[in-house]
file protein.txt (compact mmCIF, C-alpha atoms)
# COMPACT_ATOMS: atom_id res chain seq x y z
CA MET W 1 -34.31 -14.76 31.92
CA ALA W 2 -32.10 -14.34 28.86
CA ASP W 3 -29.38 -16.91 28.45
CA GLU W 4 -26.27 -14.80 29.05
CA SER W 5 -24.03 -17.12 27.06
CA THR W 6 -25.93 -16.48 23.81
CA ASP W 7 -26.98 -12.84 24.34
CA PRO W 8 -25.71 -10.96 21.26
CA GLY W 9 -24.96 -7.86 23.38
CA GLN W 10 -22.52 -9.76 25.60
CA TRP W 11 -19.36 -11.65 24.94
CA PRO W 12 -19.85 -15.40 25.41
CA LEU W 13 -19.38 -16.88 28.84
CA TRP W 14 -16.57 -19.35 29.56
CA GLU W 15 -16.17 -21.66 32.55
CA VAL W 16 -12.74 -21.59 34.10
CA PHE W 17 -10.95 -24.58 35.64
CA THR W 18 -7.70 -24.18 37.53
CA GLN W 19 -5.22 -26.87 38.48
CA PRO W 20 -3.73 -26.03 41.89
CA GLY W 21 -0.64 -28.24 41.45
CA ASP W 22 0.96 -30.87 39.26
CA GLY W 23 -1.02 -34.09 39.28
CA LYS W 24 -4.03 -32.50 40.98
CA PRO W 25 -7.38 -32.38 39.19
CA HIS W 26 -8.59 -29.20 37.47
CA GLU W 27 -11.29 -27.61 39.60
CA HIS W 28 -14.04 -25.19 38.66
CA ALA W 29 -12.99 -21.68 39.68
CA GLY W 30 -15.71 -19.52 38.13
CA SER W 31 -16.46 -17.92 34.80
CA VAL W 32 -15.35 -15.05 32.56
CA HIS W 33 -16.66 -13.25 29.50
CA ALA W 34 -14.44 -13.28 26.40
CA PRO W 35 -14.86 -13.00 22.62
CA ASP W 36 -12.81 -16.13 21.90
CA ALA W 37 -10.82 -18.94 23.50
CA GLU W 38 -7.41 -17.24 23.59
CA LEU W 39 -8.80 -14.13 25.30
CA ALA W 40 -10.87 -16.33 27.62
CA LEU W 41 -7.60 -17.93 28.71
CA GLN W 42 -5.99 -14.52 29.26
CA ASN W 43 -9.01 -13.20 31.18
CA ALA W 44 -9.09 -16.33 33.31
CA ARG W 45 -5.41 -15.85 34.07
CA ASP W 46 -6.01 -12.28 35.18
CA VAL W 47 -9.14 -12.97 37.20
CA TYR W 48 -8.34 -16.31 38.84
CA THR W 49 -4.59 -17.01 38.92
CA ARG W 50 -2.84 -13.75 39.73
CA ARG W 51 -1.69 -14.86 43.15
CA GLY W 52 -0.17 -18.18 42.15
CA GLU W 53 -3.32 -20.26 42.58
CA ALA W 54 -2.71 -22.45 39.53
CA VAL W 55 -0.19 -24.24 37.37
CA SER W 56 -2.64 -24.90 34.52
CA LEU W 57 -5.88 -23.42 33.21
CA TRP W 58 -8.77 -24.76 31.17
CA VAL W 59 -11.52 -22.63 29.67
CA VAL W 60 -14.65 -24.21 28.26
CA PRO W 61 -17.55 -22.44 26.52
CA SER W 62 -20.36 -22.43 29.10
CA ALA W 63 -22.75 -23.38 26.30
CA ALA W 64 -20.84 -26.66 25.88
CA ILE W 65 -21.77 -27.79 29.37
CA THR W 66 -24.89 -29.93 29.79
CA ALA W 67 -26.11 -29.60 33.34
CA SER W 68 -28.69 -31.50 35.33
CA SER W 69 -31.67 -29.35 36.23
CA PRO W 70 -32.94 -28.82 39.77
CA SER W 71 -35.99 -30.94 38.93
CA ASP W 72 -33.64 -33.84 38.22
CA ALA W 73 -32.37 -33.74 41.77
CA GLY W 74 -34.96 -36.25 43.05
CA PRO W 75 -34.63 -38.98 40.43
CA PHE W 76 -30.89 -38.44 40.02
CA PHE W 77 -29.60 -38.26 43.52
CA GLU W 78 -32.13 -39.44 46.08
CA PRO W 79 -32.18 -43.16 45.31
CA GLY W 80 -28.70 -43.31 46.71
CA ASN W 81 -30.07 -42.21 50.08
CA ASP W 82 -32.64 -45.02 50.12
CA THR W 83 -30.04 -47.72 49.63
CA PRO W 84 -27.76 -47.25 52.60
CA TYR W 85 -26.04 -50.59 52.01
CA ARG W 86 -24.26 -48.89 49.06
CA HIS W 87 -22.37 -46.66 51.49
CA PRO W 88 -19.30 -48.04 53.19
CA GLN W 89 -20.54 -46.65 56.52
CA PHE W 90 -23.39 -49.23 56.36
CA TYR W 91 -21.05 -52.01 57.30
CA LYS W 92 -19.61 -52.45 60.77
CA VAL W 93 -15.90 -52.81 60.86
CA PRO W 94 -14.98 -56.28 62.22
CA ARG W 95 -13.60 -56.15 65.71
CA GLY W 96 -10.26 -57.57 64.59
CA VAL W 97 -9.62 -54.57 62.33
CA LYS W 98 -8.07 -51.84 64.44
CA VAL W 99 -6.05 -49.73 62.12
CA PHE W 100 -7.36 -47.80 59.15
CA MET K 1 31.71 8.12 43.90
CA ALA K 2 28.24 7.79 42.45
CA ASP K 3 27.96 6.04 39.11
CA ALA K 4 26.29 8.83 37.09
CA SER K 5 25.74 6.76 33.93
CA LEU K 6 24.13 3.91 35.81
CA PHE K 7 21.93 6.33 37.77
CA GLU K 8 20.82 7.92 34.50
CA TYR K 9 20.16 4.53 32.87
CA LEU K 10 18.12 3.22 35.81
CA GLN K 11 15.96 6.34 35.72
CA ARG K 12 15.29 5.73 32.02
CA LEU K 13 14.20 2.17 32.73
CA GLY K 14 12.21 3.13 35.81
CA ASP K 15 10.49 6.17 34.34
CA ASP K 16 9.24 4.36 31.21
CA ARG K 17 7.55 1.86 33.50
CA LEU K 18 6.29 4.33 36.07
CA VAL K 19 4.67 6.58 33.46
CA LEU K 20 3.14 3.76 31.43
CA GLY K 21 1.98 2.07 34.63
CA HIS K 22 0.29 5.30 35.70
CA ARG K 23 -1.36 5.74 32.30
CA LEU K 24 -2.75 2.20 32.41
CA SER K 25 -3.99 2.74 35.97
CA GLU K 26 -6.18 5.56 34.63
CA TRP K 27 -8.36 2.83 33.08
CA CYS K 28 -9.11 1.35 36.51
CA GLY K 29 -12.88 1.39 36.89
CA HIS K 30 -13.34 2.54 33.28
CA GLY K 31 -12.34 -0.62 31.39
CA PRO K 32 -14.59 -1.71 28.51
CA ILE K 33 -15.49 -4.91 30.37
CA LEU K 34 -14.82 -6.18 33.87
CA GLU K 35 -12.23 -8.74 32.74
CA GLU K 36 -10.19 -6.14 30.81
CA ASP K 37 -10.44 -3.69 33.69
CA ILE K 38 -8.80 -6.31 35.91
CA ALA K 39 -6.21 -7.20 33.25
CA LEU K 40 -5.12 -3.58 32.83
CA ALA K 41 -4.97 -2.99 36.58
CA ASN K 42 -2.73 -6.08 36.85
CA ILE K 43 -0.46 -4.90 34.05
CA SER K 44 -0.33 -1.42 35.53
CA LEU K 45 0.74 -2.86 38.88
CA ASP K 46 3.41 -4.98 37.17
CA PHE K 47 4.93 -1.82 35.67
CA ILE K 48 4.68 0.19 38.88
CA GLY K 49 6.28 -2.71 40.76
CA GLN K 50 9.16 -2.76 38.29
CA ALA K 51 9.50 1.02 38.54
CA ASN K 52 9.63 0.74 42.32
CA LEU K 53 12.56 -1.71 42.11
CA LEU K 54 14.41 0.23 39.40
CA LEU K 55 14.00 3.66 40.99
CA GLY K 56 14.88 2.17 44.39
CA LEU K 57 18.10 0.87 42.89
CA ALA K 58 18.65 4.22 41.16
CA GLY K 59 18.37 5.99 44.51
CA THR K 60 20.92 3.63 46.05
CA VAL K 61 23.32 4.15 43.14
CA GLU K 62 22.92 7.93 43.40
CA GLY K 63 23.76 7.76 47.10
CA LYS K 64 22.01 10.97 48.14
CA GLY K 65 19.36 9.33 50.29
CA ARG K 66 16.55 9.47 47.73
CA ASP K 67 14.33 6.39 47.65
CA ALA K 68 11.90 5.26 44.92
CA ASP K 69 9.11 7.49 46.29
CA ALA K 70 11.34 10.55 46.33
CA LEU K 71 12.30 9.96 42.71
CA ALA K 72 8.74 9.20 41.59
CA TYR K 73 6.97 12.00 43.42
CA LEU K 74 9.44 14.79 43.90
CA ARG K 75 11.10 15.16 40.50
CA ASP K 76 9.78 17.58 37.89
CA PRO K 77 8.94 16.71 34.26
CA VAL K 78 12.37 17.88 33.08
CA ASP K 79 13.98 15.28 35.36
CA PHE K 80 11.93 12.40 33.97
CA ARG K 81 13.76 10.18 31.49
CA ASN K 82 10.87 8.26 29.92
CA VAL K 83 10.24 8.21 26.17
CA PRO K 84 7.32 10.29 24.83
CA LEU K 85 5.46 7.14 23.68
CA VAL K 86 4.49 6.07 27.21
CA GLU K 87 3.18 9.48 28.27
CA GLN K 88 0.71 9.78 25.37
CA PRO K 89 -2.93 9.89 26.54
CA ASN K 90 -4.94 6.68 26.65
CA GLY K 91 -7.43 7.66 23.93
CA ASP K 92 -9.81 4.81 23.13
CA TYR K 93 -9.04 1.18 23.90
CA ALA K 94 -7.49 0.62 20.48
CA ALA K 95 -5.06 3.49 21.14
CA THR K 96 -4.20 2.14 24.58
CA MET K 97 -3.54 -1.35 23.19
CA THR K 98 -1.51 0.03 20.28
CA ARG K 99 0.67 2.11 22.61
CA SER K 100 1.11 -0.91 24.88
CA PHE K 101 1.99 -3.20 21.98
CA LEU K 102 4.68 -0.86 20.63
CA PHE K 103 6.22 -0.59 24.09
CA ASP K 104 5.68 -4.24 25.09
CA ALA K 105 7.57 -5.54 22.04
CA PHE K 106 10.48 -3.26 22.98
CA ASP K 107 10.23 -4.22 26.66
CA TYR K 108 10.17 -7.93 25.81
CA LEU K 109 13.46 -7.69 23.90
CA LEU K 110 15.13 -5.32 26.35
CA THR K 111 14.32 -7.34 29.47
CA ARG K 112 15.28 -10.57 27.68
CA ASP K 113 18.82 -9.29 27.11
CA LEU K 114 19.05 -7.26 30.31
CA GLN K 115 18.95 -10.54 32.25
CA ASP K 116 22.56 -11.01 31.15
CA SER K 117 23.59 -7.72 32.74
CA GLY K 118 26.82 -7.81 34.71
CA HIS K 119 24.98 -5.93 37.48
CA PRO K 120 23.44 -8.78 39.51
CA GLU K 121 20.60 -6.75 41.00
CA LEU K 122 19.64 -5.28 37.63
CA ALA K 123 19.80 -8.74 36.05
CA GLY K 124 17.47 -10.02 38.78
CA ILE K 125 14.94 -7.23 38.23
CA ALA K 126 15.10 -7.95 34.48
CA ALA K 127 14.40 -11.65 35.05
CA LYS K 128 11.23 -10.81 36.97
CA ALA K 129 10.26 -8.12 34.45
CA HIS K 130 10.79 -10.38 31.46
CA LYS K 131 8.15 -12.86 32.63
CA GLU K 132 5.72 -10.00 33.02
CA ALA K 133 6.72 -8.44 29.69
CA THR K 134 6.08 -11.75 27.93
CA TYR K 135 2.52 -11.75 29.21
CA HIS K 136 1.98 -8.04 28.49
CA LEU K 137 3.10 -8.57 24.90
CA ARG K 138 0.73 -11.48 24.49
CA HIS K 139 -2.16 -9.43 25.86
CA SER K 140 -1.60 -6.33 23.74
CA SER K 141 -0.72 -8.34 20.58
CA GLU K 142 -3.91 -10.35 20.74
CA TRP K 143 -5.97 -7.21 21.13
CA LEU K 144 -4.26 -5.38 18.30
CA VAL K 145 -4.92 -8.33 15.96
CA ARG K 146 -8.56 -8.37 16.97
CA PHE K 147 -8.99 -4.63 16.49
CA GLY K 148 -7.13 -4.57 13.19
CA ASP K 149 -8.77 -7.68 11.80
CA GLY K 150 -12.13 -7.05 13.46
CA THR K 151 -14.89 -4.76 12.27
CA GLU K 152 -14.51 -1.81 9.94
CA GLU K 153 -14.73 0.57 12.90
CA SER K 154 -12.21 -1.30 15.08
CA HIS K 155 -9.81 -1.45 12.12
CA ARG K 156 -10.13 2.29 11.53
CA ARG K 157 -9.53 3.07 15.22
CA ALA K 158 -6.47 0.82 15.41
CA GLN K 159 -5.00 2.29 12.22
CA ASP K 160 -5.65 5.85 13.48
CA ALA K 161 -3.88 4.97 16.74
CA LEU K 162 -0.92 3.48 14.92
CA ASP K 163 -0.66 6.53 12.62
CA GLU K 164 -0.71 8.83 15.65
CA LEU K 165 1.63 6.86 17.92
CA TRP K 166 4.21 5.64 15.41
CA ARG K 167 6.16 8.90 15.44
CA TRP K 168 6.77 8.55 19.19
CA THR K 169 8.53 5.20 18.88
CA GLY K 170 11.73 6.94 17.80
CA GLY K 171 12.79 7.52 21.39
CA LEU K 172 12.87 3.80 22.21
CA PHE K 173 16.13 3.10 20.38
CA LEU K 174 17.83 6.41 20.92
CA ALA K 175 21.24 5.28 22.18
CA ASP K 176 23.53 8.00 23.48
CA GLU K 177 26.80 7.88 25.41
CA VAL K 178 25.00 6.63 28.54
CA ASP K 179 23.73 3.52 26.74
CA GLN K 180 27.03 3.04 24.98
CA ALA K 181 29.02 3.32 28.20
CA LEU K 182 26.81 0.80 29.98
CA HIS K 183 26.89 -1.57 27.05
CA ALA K 184 30.68 -1.33 26.94
CA ARG K 185 30.81 -2.24 30.66
CA GLY K 186 28.58 -5.28 30.06
CA LEU K 187 25.76 -3.85 32.16
CA ALA K 188 23.16 -3.19 29.44
CA PRO K 189 22.28 -4.60 26.00
CA ASP K 190 23.15 -2.81 22.77
CA LEU K 191 19.98 -0.88 21.92
CA ALA K 192 20.92 -0.48 18.27
CA ALA K 193 21.15 -4.26 17.89
CA LEU K 194 17.60 -4.70 19.24
CA GLU K 195 16.00 -2.28 16.79
CA PRO K 196 15.89 -4.56 13.69
CA GLU K 197 14.40 -7.36 15.79
CA TRP K 198 11.76 -4.99 17.17
CA LYS K 199 10.90 -3.76 13.69
CA GLY K 200 10.55 -7.38 12.53
CA MET K 201 8.21 -8.27 15.41
CA VAL K 202 6.13 -5.14 14.97
CA SER K 203 5.85 -5.49 11.18
CA GLU K 204 4.85 -9.14 11.49
CA LEU K 205 2.08 -8.41 13.96
CA ILE K 206 0.84 -5.33 12.15
CA GLY K 207 0.59 -7.49 9.03
CA ARG K 208 -1.37 -10.13 10.94
CA ALA K 209 -3.68 -7.39 12.17
CA THR K 210 -4.20 -6.28 8.52
CA LEU K 211 -2.93 -2.81 9.49
CA THR K 212 -0.40 -0.70 7.58
CA LEU K 213 2.85 0.72 8.95
CA PRO K 214 2.64 4.51 8.69
CA PRO K 215 4.91 5.99 6.04
CA VAL K 216 6.22 8.65 8.45
CA GLN K 217 9.61 8.28 10.13
CA PRO K 218 9.60 8.14 13.93
CA ILE K 219 11.01 11.28 15.56
CA THR K 220 14.46 10.73 17.03
CA ALA K 221 15.18 14.01 18.80
CA ARG K 222 18.11 13.49 21.16
CA GLY K 223 16.38 15.25 24.02
CA TYR K 224 13.89 12.39 24.43
CA ARG K 225 16.03 10.61 26.98
CA ARG K 226 17.20 13.83 28.62
CA GLY K 227 14.06 15.44 29.88
CA ASP K 228 12.33 16.69 26.73
CA HIS K 229 8.67 15.72 26.76
CA THR K 230 5.39 16.28 25.03
CA GLU K 231 2.81 18.50 26.72
CA HIS K 232 1.16 15.46 28.33
CA LEU K 233 3.74 14.51 30.95
CA GLY K 234 3.25 17.62 33.09
CA HIS K 235 -0.47 16.95 33.42
CA LEU K 236 0.14 13.30 34.22
CA LEU K 237 2.68 14.14 36.93
CA ALA K 238 0.47 16.84 38.41
CA GLU K 239 -2.16 14.21 39.09
CA MET K 240 0.28 11.51 40.15
CA GLN K 241 2.32 13.71 42.47
CA ILE K 242 -0.20 16.05 44.06
CA LEU K 243 -0.84 14.01 47.20
CA PRO K 244 2.76 13.44 48.36
CA ARG K 245 3.64 17.02 47.40
CA SER K 246 0.70 18.58 49.24
CA HIS K 247 1.19 16.38 52.28
CA PRO K 248 4.90 15.65 52.55
CA GLY K 249 5.64 12.48 54.47
CA ALA K 250 1.97 11.48 54.59
CA GLU K 251 1.33 7.79 55.22
CA TRP K 252 -1.81 5.86 54.45

call {"tool": "encode", "arguments": {"input": "protein.txt", "output": "structure tokens"}}
result
Amino acid sequence: MADESTDPGQWPLWEVFTQPGDGKPHEHAGSVHAPDAELALQNARDVYTRRGEAVSLWVVPSAAITASSPSDAGPFFEPGNDTPYRHPQFYKVPRGVKVF
Amino acid sequence: MADASLFEYLQRLGDDRLVLGHRLSEWCGHGPILEEDIALANISLDFIGQANLLLGLAGTVEGKGRDADALAYLRDPVDFRNVPLVEQPNGDYAATMTRSFLFDAFDYLLTRDLQDSGHPELAGIAAKAHKEATYHLRHSSEWLVRFGDGTEESHRRAQDALDELWRWTGGLFLADEVDQALHARGLAPDLAALEPEWKGMVSELIGRATLTLPPVQPITARGYRRGDHTEHLGHLLAEMQILPRSHPGAEW
């Protein structure tokens, strides 16, 4: 499969992050095609924020993102499941503690 | 008694936006790329929304029971008060962006000053419209720079569009006794005062886009705010109006 973000027949792909409110973290909303950063910002505005979903936008070239691959899923994430004592649920709450 | 000058002025404002909004809507489903298709549909809806408010207010001012739909769908070309620039066909994307840029720069300045109108409802519509106009101008400016300063072909297309459309900008600043009367009453900005600022903005951007201002003078025929139009408006209205005219009162 051709990498869409470097296909010369397509504009580059940009990942869009929207901030739903002041002080909230930017969250991944999706992606857009655009020839450059300014137009990526405009396209993101038109595609993802038209109905007041955001107070701030980030666009990042998709090519700049390094992602874990599905084959990393085992070594990356499964050890956590084998060490239940790392999860707070592992520990019983002392009887004296009633309110959380 | 109905305020004839204000009714006339509101139709001018409303019709520019209705006609340009309709033109831009013609791109829906035909945009050069999905993201631009969505952008133009959004901008088109902004203009049609503004037209709805302005023509609604015009109908109230006229006081003959006509609402925004009646004015939009049941008037003939000779009753439309838009400038010829906005009715020009879309052409290619460079032509559409050039037409939008020339209007958006005007719209940006007009809505900026119209917010100070002594007519509270009109000032409120202008405040909403100015936010939209600011974004429209950014969108069309960025595209014009990229076409002008892009490839040889995109530059040629943008220059051709500018050469073709420049003559139709004359209508934008055509101030007659209606504009003067409203300006004197503190309801509308002085169009003549906006023109040098518009020319400055347009020249600056055209320079950035490495394009050249056409040597021709824009046409300033007085009829352009009084119902004179190019051949294109009749065709546009035929398409826009056929449904409500064929099925009066239809709802969907």

call {"tool": "interface_residues", "arguments": {"input": "protein.txt", "of": "chain W", "to": "chain K", "cutoff": "8 Å", "atoms": "only C-alpha atoms", "output": "list of chain:residue names"}}
result
W:Val32, W:His33, W:Leu39, W:Gln42, W:Asn43, W:Asp46, W:Val47

call {"tool": "write_last_selection", "arguments": {"input": "protein.txt", "atoms": "C-alpha atoms", "output": "mmCIF file, keeping the file's coordinate frame"}}
result
data_model
loop_
_atom_site.group_PDB
_atom_site.id
_atom_site.type_symbol
_atom_site.label_atom_id
_atom_site.label_comp_id
_atom_site.auth_asym_id
_atom_site.auth_seq_id
_atom_site.Cartn_x
_atom_site.Cartn_y
_atom_site.Cartn_z
ATOM 1 C CA VAL W 32 -15.350 -15.050 32.560
ATOM 2 C CA HIS W 33 -16.660 -13.250 29.500
ATOM 3 C CA LEU W 39 -8.800 -14.130 25.300
ATOM 4 C CA GLN W 42 -5.990 -14.520 29.260
ATOM 5 C CA ASN W 43 -9.010 -13.200 31.180
ATOM 6 C CA ASP W 46 -6.010 -12.280 35.180
ATOM 7 C CA VAL W 47 -9.140 -12.970 37.200
#

call {"tool": "atom_distance", "arguments": {"input": "protein.txt", "atom1": "CA of Glu62 in chain K", "atom2": "CA of Gln115 in chain K"}}
result
21.9 Å

call {"tool": "atom_distance", "arguments": {"input": "protein.txt", "atom1": "CA of Arg81 in chain K", "atom2": "CA of Leu137 in chain K"}}
result
22.6 Å

call {"tool": "residues_around", "arguments": {"input": "protein.txt", "residues": "range 9-20 of chain W", "least_positions_apart": "6", "cutoff": "6 Å", "atoms": "all atoms listed in the file", "output": "PDB file with C-alpha atoms, in the frame of the given file"}}
result
ATOM      1  CA  HIS W  26      -8.590 -29.200  37.470  1.00  0.00           C
ATOM      2  CA  GLU W  27     -11.290 -27.610  39.600  1.00  0.00           C
ATOM      3  CA  HIS W  28     -14.040 -25.190  38.660  1.00  0.00           C
ATOM      4  CA  ALA W  29     -12.990 -21.680  39.680  1.00  0.00           C
ATOM      5  CA  GLY W  30     -15.710 -19.520  38.130  1.00  0.00           C
ATOM      6  CA  SER W  31     -16.460 -17.920  34.800  1.00  0.00           C
ATOM      7  CA  VAL W  32     -15.350 -15.050  32.560  1.00  0.00           C
ATOM      8  CA  HIS W  33     -16.660 -13.250  29.500  1.00  0.00           C
ATOM      9  CA  ALA W  34     -14.440 -13.280  26.400  1.00  0.00           C
ATOM     10  CA  PRO W  35     -14.860 -13.000  22.620  1.00  0.00           C
ATOM     11  CA  GLU W  53      -3.320 -20.260  42.580  1.00  0.00           C
ATOM     12  CA  ALA W  54      -2.710 -22.450  39.530  1.00  0.00           C
ATOM     13  CA  VAL W  55      -0.190 -24.240  37.370  1.00  0.00           C
ATOM     14  CA  SER W  56      -2.640 -24.900  34.520  1.00  0.00           C
ATOM     15  CA  LEU W  57      -5.880 -23.420  33.210  1.00  0.00           C
ATOM     16  CA  TRP W  58      -8.770 -24.760  31.170  1.00  0.00           C
ATOM     17  CA  VAL W  59     -11.520 -22.630  29.670  1.00  0.00           C
ATOM     18  CA  VAL W  60     -14.650 -24.210  28.260  1.00  0.00           C
ATOM     19  CA  PRO W  61     -17.550 -22.440  26.520  1.00  0.00           C
ATOM     20  CA  SER W  62     -20.360 -22.430  29.100  1.00  0.00           C
TER      21      SER W  62
END

call {"tool": "atom_distance", "arguments": {"input": "protein.txt", "atom1": "CA of Arg222 in chain K", "atom2": "CA of Leu174 in chain K"}}
result
7.1 Å

call {"tool": "residues_around", "arguments": {"input": "protein.txt", "residues": "His155 in chain K", "least_positions_apart": "6", "cutoff": "12 Å", "atoms": "all atoms listed in the file", "output": "number ranges by chain"}}
result
K: 94-95, 98, 143-149, 161-162, 206, 209-212
